[in-house]
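Some notes on the structure that comes next.
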Amino acid sequence: MPDLRPWRAGNRLPGVWSIPGPAPGPHVALVSLVHGNEIAGALLLARWLREGLRPLRGTLTFIFANLAAFDRFDPADPTLSRFVDEDLNRVWDERVLQGGRDSEELSRARALRPLLEEMDVLLDLHSMLWPSDPLIIAGSAPQARALGPKLGTPSLVVADEGHSTGRRMIDCALFTAPGSRRTALLVEGGPHWEPATLETLETCATALLREYGLLPPAPAPTPVGRLAEVTRTVVAGTHGFAFVQDFRGGTVIPRRNTLLALDGEQEIRTPHDDCL
């Protein structure tokens, strides 16, 4: 578990640290704990703060996003601390942020929202509940789809149109509006609480900071990742939704019309060949 006691106060907001470099440059944010049980990103940011990481130029901001959910973390029931009232990664629609309802997560999002206006680039650090290969999610913005493969790790970049249940932080209009100069990516480093997940997040975040000149360049060229575009989104319609075998995220199904799952009486099949 990360010890966040030295970093909770922040120097901008609770749980938010901004570190200026000695020369002008972009403002890059690394975000952890959007979900309170996804601790790998927080372990990375806490270590970099402890080690005194400083950018060569620009500004580097570390965000521990949902401290209230993290405070509920219980190893005996770790998924309970994903959020307090609602998913912090589904509230980033401007109508929701400016609306009349309230929750623990909405209050935090409203506090963080002005900071996002300062950001040029944002990387949101996550991990996964289900077995899956790590991946970068680029959303719909063309600048994010161009940046994702440049980082090289994870090698798979998925371009999608977001979630039907609400906007993620990377889908905030600041990053997705036509002509926006800002870029945001989400990285899923691998399964929760595994050491390899932390290593993947560190490699990805380091590549981003090198790409924008906040860290020295890599000693060797970075391999370019591949981009996959979501062609169909499936949302479970019944409590009886079940996959027909134990698929792992990242698997490529070679044939169109392969049976993947049953949702009550409805069959879910691959819509095309080489379906990820």
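A note on labels: chains of the structure tokens are A, B, ... as shown, every chain counts residues from 1, and ligands are counted from 1 in their shown order.
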Write out as a PDB file with N, CA and C atoms, in the first residue's frame each polymer residue whose atoms come within 6 Å of segment 121-135 of chain A, counting only C-alpha atoms; drop sequence neighbours fewer than 6 positions from it.
ATOM      1  N   VAL A  28       2.477  18.949 -17.830  1.00  0.00           N
ATOM      2  CA  VAL A  28       2.098  17.542 -17.943  1.00  0.00           C
ATOM      3  C   VAL A  28       1.583  17.058 -16.591  1.00  0.00           C
ATOM      4  N   ALA A  29       0.438  16.381 -16.599  1.00  0.00           N
ATOM      5  CA  ALA A  29      -0.147  15.854 -15.368  1.00  0.00           C
ATOM      6  C   ALA A  29      -0.176  14.331 -15.414  1.00  0.00           C
ATOM      7  N   LEU A  30       0.202  13.714 -14.315  1.00  0.00           N
ATOM      8  CA  LEU A  30       0.046  12.278 -14.100  1.00  0.00           C
ATOM      9  C   LEU A  30      -0.982  12.090 -13.001  1.00  0.00           C
ATOM     10  N   VAL A  31      -2.029  11.316 -13.285  1.00  0.00           N
ATOM     11  CA  VAL A  31      -3.165  11.169 -12.374  1.00  0.00           C
ATOM     12  C   VAL A  31      -3.235   9.738 -11.877  1.00  0.00           C
ATOM     13  N   SER A  32      -3.398   9.569 -10.573  1.00  0.00           N
ATOM     14  CA  SER A  32      -3.594   8.248  -9.968  1.00  0.00           C
ATOM     15  C   SER A  32      -4.840   8.264  -9.103  1.00  0.00           C
ATOM     16  N   GLU A  38      -7.193   1.216  -7.119  1.00  0.00           N
ATOM     17  CA  GLU A  38      -6.163   1.016  -8.133  1.00  0.00           C
ATOM     18  C   GLU A  38      -4.898   1.745  -7.673  1.00  0.00           C
ATOM     19  N   GLY A  41      -0.689   3.248  -9.588  1.00  0.00           N
ATOM     20  CA  GLY A  41      -0.316   4.608  -9.975  1.00  0.00           C
ATOM     21  C   GLY A  41       0.089   5.464  -8.795  1.00  0.00           C
ATOM     22  N   PRO A 154       2.133   0.609 -22.965  1.00  0.00           N
ATOM     23  CA  PRO A 154       1.826  -0.659 -23.615  1.00  0.00           C
ATOM     24  C   PRO A 154       1.814  -0.521 -25.143  1.00  0.00           C
ATOM     25  N   LEU A 156      -0.330  -1.782 -27.244  1.00  0.00           N
ATOM     26  CA  LEU A 156      -1.669  -1.699 -27.814  1.00  0.00           C
ATOM     27  C   LEU A 156      -2.342  -0.393 -27.394  1.00  0.00           C
ATOM     28  N   VAL A 157      -2.835   0.359 -28.373  1.00  0.00           N
ATOM     29  CA  VAL A 157      -3.586   1.586 -28.129  1.00  0.00           C
ATOM     30  C   VAL A 157      -4.991   1.386 -28.683  1.00  0.00           C
ATOM     31  N   ARG A 182      -4.931  20.454 -26.186  1.00  0.00           N
ATOM     32  CA  ARG A 182      -4.631  19.565 -25.066  1.00  0.00           C
ATOM     33  C   ARG A 182      -4.802  18.098 -25.472  1.00  0.00           C
ATOM     34  N   THR A 183      -4.044  17.222 -24.778  1.00  0.00           N
ATOM     35  CA  THR A 183      -4.083  15.796 -25.085  1.00  0.00           C
ATOM     36  C   THR A 183      -4.209  15.004 -23.797  1.00  0.00           C
ATOM     37  N   ALA A 184      -5.030  13.958 -23.806  1.00  0.00           N
ATOM     38  CA  ALA A 184      -5.192  13.107 -22.623  1.00  0.00           C
ATOM     39  C   ALA A 184      -5.269  11.650 -23.036  1.00  0.00           C
ATOM     40  N   LEU A 185      -4.561  10.806 -22.283  1.00  0.00           N
ATOM     41  CA  LEU A 185      -4.575   9.360 -22.481  1.00  0.00           C
ATOM     42  C   LEU A 185      -4.856   8.678 -21.149  1.00  0.00           C
ATOM     43  N   LEU A 186      -5.395   7.472 -21.230  1.00  0.00           N
ATOM     44  CA  LEU A 186      -5.568   6.617 -20.058  1.00  0.00           C
ATOM     45  C   LEU A 186      -4.771   5.349 -20.301  1.00  0.00           C
ATOM     46  N   VAL A 187      -3.986   4.931 -19.334  1.00  0.00           N
ATOM     47  CA  VAL A 187      -3.239   3.682 -19.470  1.00  0.00           C
ATOM     48  C   VAL A 187      -3.739   2.685 -18.441  1.00  0.00           C
ATOM     49  N   GLU A 188      -4.082   1.495 -18.924  1.00  0.00           N
ATOM     50  CA  GLU A 188      -4.434   0.350 -18.077  1.00  0.00           C
ATOM     51  C   GLU A 188      -3.188  -0.521 -17.992  1.00  0.00           C
ATOM     52  N   GLY A 189      -2.512  -0.489 -16.838  1.00  0.00           N
ATOM     53  CA  GLY A 189      -1.201  -1.110 -16.727  1.00  0.00           C
ATOM     54  C   GLY A 189      -1.201  -2.614 -16.579  1.00  0.00           C
ATOM     55  N   GLY A 190      -2.363  -3.214 -16.344  1.00  0.00           N
ATOM     56  CA  GLY A 190      -2.452  -4.652 -16.108  1.00  0.00           C
ATOM     57  C   GLY A 190      -3.315  -4.918 -14.893  1.00  0.00           C
ATOM     58  N   PRO A 191      -3.355  -6.166 -14.436  1.00  0.00           N
ATOM     59  CA  PRO A 191      -4.227  -6.517 -13.309  1.00  0.00           C
ATOM     60  C   PRO A 191      -3.871  -5.760 -12.024  1.00  0.00           C
ATOM     61  N   HIS A 192      -4.905  -5.476 -11.229  1.00  0.00           N
ATOM     62  CA  HIS A 192      -4.699  -4.823  -9.934  1.00  0.00           C
ATOM     63  C   HIS A 192      -3.642  -5.561  -9.120  1.00  0.00           C
ATOM     64  N   ARG A 248      -9.179 -13.665 -22.481  1.00  0.00           N
ATOM     65  CA  ARG A 248      -8.275 -12.699 -21.865  1.00  0.00           C
ATOM     66  C   ARG A 248      -8.266 -11.447 -22.718  1.00  0.00           C
ATOM     67  N   GLY A 249      -8.354 -10.272 -22.083  1.00  0.00           N
ATOM     68  CA  GLY A 249      -8.302  -9.025 -22.823  1.00  0.00           C
ATOM     69  C   GLY A 249      -7.027  -8.913 -23.633  1.00  0.00           C
ATOM     70  N   GLY A 250      -7.151  -8.544 -24.898  1.00  0.00           N
ATOM     71  CA  GLY A 250      -6.014  -8.480 -25.803  1.00  0.00           C
ATOM     72  C   GLY A 250      -5.967  -9.629 -26.790  1.00  0.00           C
TER      73      GLY A 250
END
Sorted by chain and rising residue number, list the residues of segment 147-222 of chain A at most 12 Å from segment 57-68 of chain A (counting only C-alpha atoms), each with its closest atom pair and distance in Å to one decimal, as JSON lines.
{"residue": "A:Met169", "atom": "CA", "partner": "A:Ala65", "partner_atom": "CA", "distance": 10.8}
{"residue": "A:Ala205", "atom": "CA", "partner": "A:Phe62", "partner_atom": "CA", "distance": 11.4}
{"residue": "A:Thr206", "atom": "CA", "partner": "A:Leu60", "partner_atom": "CA", "distance": 12.0}
{"residue": "A:Leu208", "atom": "CA", "partner": "A:Leu60", "partner_atom": "CA", "distance": 11.4}
{"residue": "A:Leu209", "atom": "CA", "partner": "A:Leu60", "partner_atom": "CA", "distance": 8.8}
{"residue": "A:Arg210", "atom": "CA", "partner": "A:Arg57", "partner_atom": "CA", "distance": 10.9}
{"residue": "A:Tyr212", "atom": "CA", "partner": "A:Gly58", "partner_atom": "CA", "distance": 9.0}
{"residue": "A:Gly213", "atom": "CA", "partner": "A:Arg57", "partner_atom": "CA", "distance": 6.8}
{"residue": "A:Leu214", "atom": "CA", "partner": "A:Arg57", "partner_atom": "CA", "distance": 5.4}
{"residue": "A:Leu215", "atom": "CA", "partner": "A:Arg57", "partner_atom": "CA", "distance": 8.3}
{"residue": "A:Pro216", "atom": "CA", "partner": "A:Arg57", "partner_atom": "CA", "distance": 10.3}
Dump of N, CA, C and O atoms for the selected residues, as a compact mmCIF listing (two decimals), in the first residue's frame:
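Result saved to again-v5.txt:
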# COMPACT_ATOMS: atom_id res chain seq x y z
N MET A 169 -12.37 11.18 -17.47
CA MET A 169 -11.54 12.38 -17.42
C MET A 169 -10.92 12.68 -18.78
O MET A 169 -10.88 13.83 -19.21
N ALA A 205 4.61 6.20 -18.22
CA ALA A 205 4.72 7.57 -17.74
C ALA A 205 6.09 8.17 -18.08
O ALA A 205 6.20 9.34 -18.47
N THR A 206 7.13 7.37 -17.96
CA THR A 206 8.48 7.84 -18.30
C THR A 206 8.56 8.19 -19.78
O THR A 206 9.15 9.21 -20.17
N LEU A 208 6.15 9.17 -21.69
CA LEU A 208 5.41 10.42 -21.92
C LEU A 208 6.26 11.63 -21.53
O LEU A 208 6.34 12.62 -22.28
N LEU A 209 6.91 11.56 -20.37
CA LEU A 209 7.73 12.69 -19.92
C LEU A 209 8.92 12.91 -20.84
O LEU A 209 9.34 14.05 -21.08
N ARG A 210 9.47 11.83 -21.39
CA ARG A 210 10.55 11.98 -22.37
C ARG A 210 10.04 12.58 -23.67
O ARG A 210 10.72 13.40 -24.29
N TYR A 212 7.84 14.75 -24.12
CA TYR A 212 7.62 16.20 -24.00
C TYR A 212 8.81 16.94 -23.40
O TYR A 212 8.69 18.11 -23.06
N GLY A 213 9.94 16.24 -23.24
CA GLY A 213 11.15 16.91 -22.83
C GLY A 213 11.26 17.20 -21.35
O GLY A 213 12.15 17.94 -20.93
N LEU A 214 10.39 16.60 -20.51
CA LEU A 214 10.48 16.80 -19.07
C LEU A 214 11.53 15.89 -18.45
O LEU A 214 11.99 16.14 -17.33
N LEU A 215 11.89 14.81 -19.15
CA LEU A 215 12.99 13.93 -18.78
C LEU A 215 13.93 13.80 -19.97
O LEU A 215 13.54 14.06 -21.12
N PRO A 216 15.19 13.40 -19.74
CA PRO A 216 16.11 13.23 -20.86
C PRO A 216 15.58 12.19 -21.85
O PRO A 216 14.82 11.29 -21.48
Write out as a PyMOL selection string the set of residues from segment 48-245 of chain A that DSSP, computed on the backbone, places in helix (DSSP H, G or I).
chain A and resi 48-51+67-70+78-82+88-90+94-97+104-116+142-151+169-171+173-176+195-211
Which neighbours of Ser180 of chain A fall inside 9 Å, counting only C-alpha atoms, when residues of the same chain fewer than 5 positions from it are skipped, and could you give them as an mmCIF file with all heavy atoms, in the first residue's frame?
data_model
loop_
_atom_site.group_PDB
_atom_site.id
_atom_site.type_symbol
_atom_site.label_atom_id
_atom_site.label_comp_id
_atom_site.auth_asym_id
_atom_site.auth_seq_id
_atom_site.Cartn_x
_atom_site.Cartn_y
_atom_site.Cartn_z
ATOM 1 N N ALA A 141 -10.216 11.746 -29.515
ATOM 2 C CA ALA A 141 -9.484 12.926 -30.006
ATOM 3 C C ALA A 141 -8.329 12.507 -30.920
ATOM 4 O O ALA A 141 -7.538 11.629 -30.566
ATOM 5 C CB ALA A 141 -8.955 13.736 -28.833
ATOM 6 N N GLN A 143 -5.509 13.960 -31.619
ATOM 7 C CA GLN A 143 -4.176 14.178 -31.062
ATOM 8 C C GLN A 143 -3.803 13.073 -30.072
ATOM 9 O O GLN A 143 -2.635 12.689 -29.961
ATOM 10 C CB GLN A 143 -4.075 15.566 -30.408
ATOM 11 C CG GLN A 143 -4.937 15.799 -29.185
ATOM 12 C CD GLN A 143 -6.329 16.323 -29.522
ATOM 13 O OE1 GLN A 143 -6.817 16.101 -30.622
ATOM 14 N NE2 GLN A 143 -6.952 17.035 -28.579
ATOM 15 N N ALA A 173 -14.325 17.818 -22.237
ATOM 16 C CA ALA A 173 -14.315 18.679 -23.425
ATOM 17 C C ALA A 173 -13.006 19.442 -23.591
ATOM 18 O O ALA A 173 -12.625 19.794 -24.713
ATOM 19 C CB ALA A 173 -15.487 19.652 -23.362
ATOM 20 N N LEU A 174 -12.302 19.697 -22.495
ATOM 21 C CA LEU A 174 -11.011 20.376 -22.602
ATOM 22 C C LEU A 174 -10.058 19.623 -23.520
ATOM 23 O O LEU A 174 -9.227 20.230 -24.207
ATOM 24 C CB LEU A 174 -10.373 20.507 -21.220
ATOM 25 C CG LEU A 174 -11.001 21.503 -20.252
ATOM 26 C CD1 LEU A 174 -10.431 21.300 -18.856
ATOM 27 C CD2 LEU A 174 -10.759 22.926 -20.718
ATOM 28 N N PHE A 175 -10.147 18.280 -23.525
ATOM 29 C CA PHE A 175 -9.227 17.452 -24.305
ATOM 30 C C PHE A 175 -9.814 16.993 -25.637
ATOM 31 O O PHE A 175 -9.058 16.566 -26.511
ATOM 32 C CB PHE A 175 -8.824 16.220 -23.492
ATOM 33 C CG PHE A 175 -8.213 16.544 -22.159
ATOM 34 C CD1 PHE A 175 -8.874 16.229 -20.983
ATOM 35 C CD2 PHE A 175 -6.989 17.179 -22.077
ATOM 36 C CE1 PHE A 175 -8.324 16.530 -19.744
ATOM 37 C CE2 PHE A 175 -6.429 17.489 -20.849
ATOM 38 C CZ PHE A 175 -7.092 17.168 -19.676
#
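Distance check against Ser155 of chain A using only C-alpha atoms: of A:Val224, A:Arg113, A:Gly99, A:Gly179, the minimum falls on A:Val224.
Shortest separation to Ile137 of chain A among A:Leu53, A:Ala196, A:Val252, A:Ile170 occurs at residue A:Ile170, atoms counted being only C-alpha atoms.
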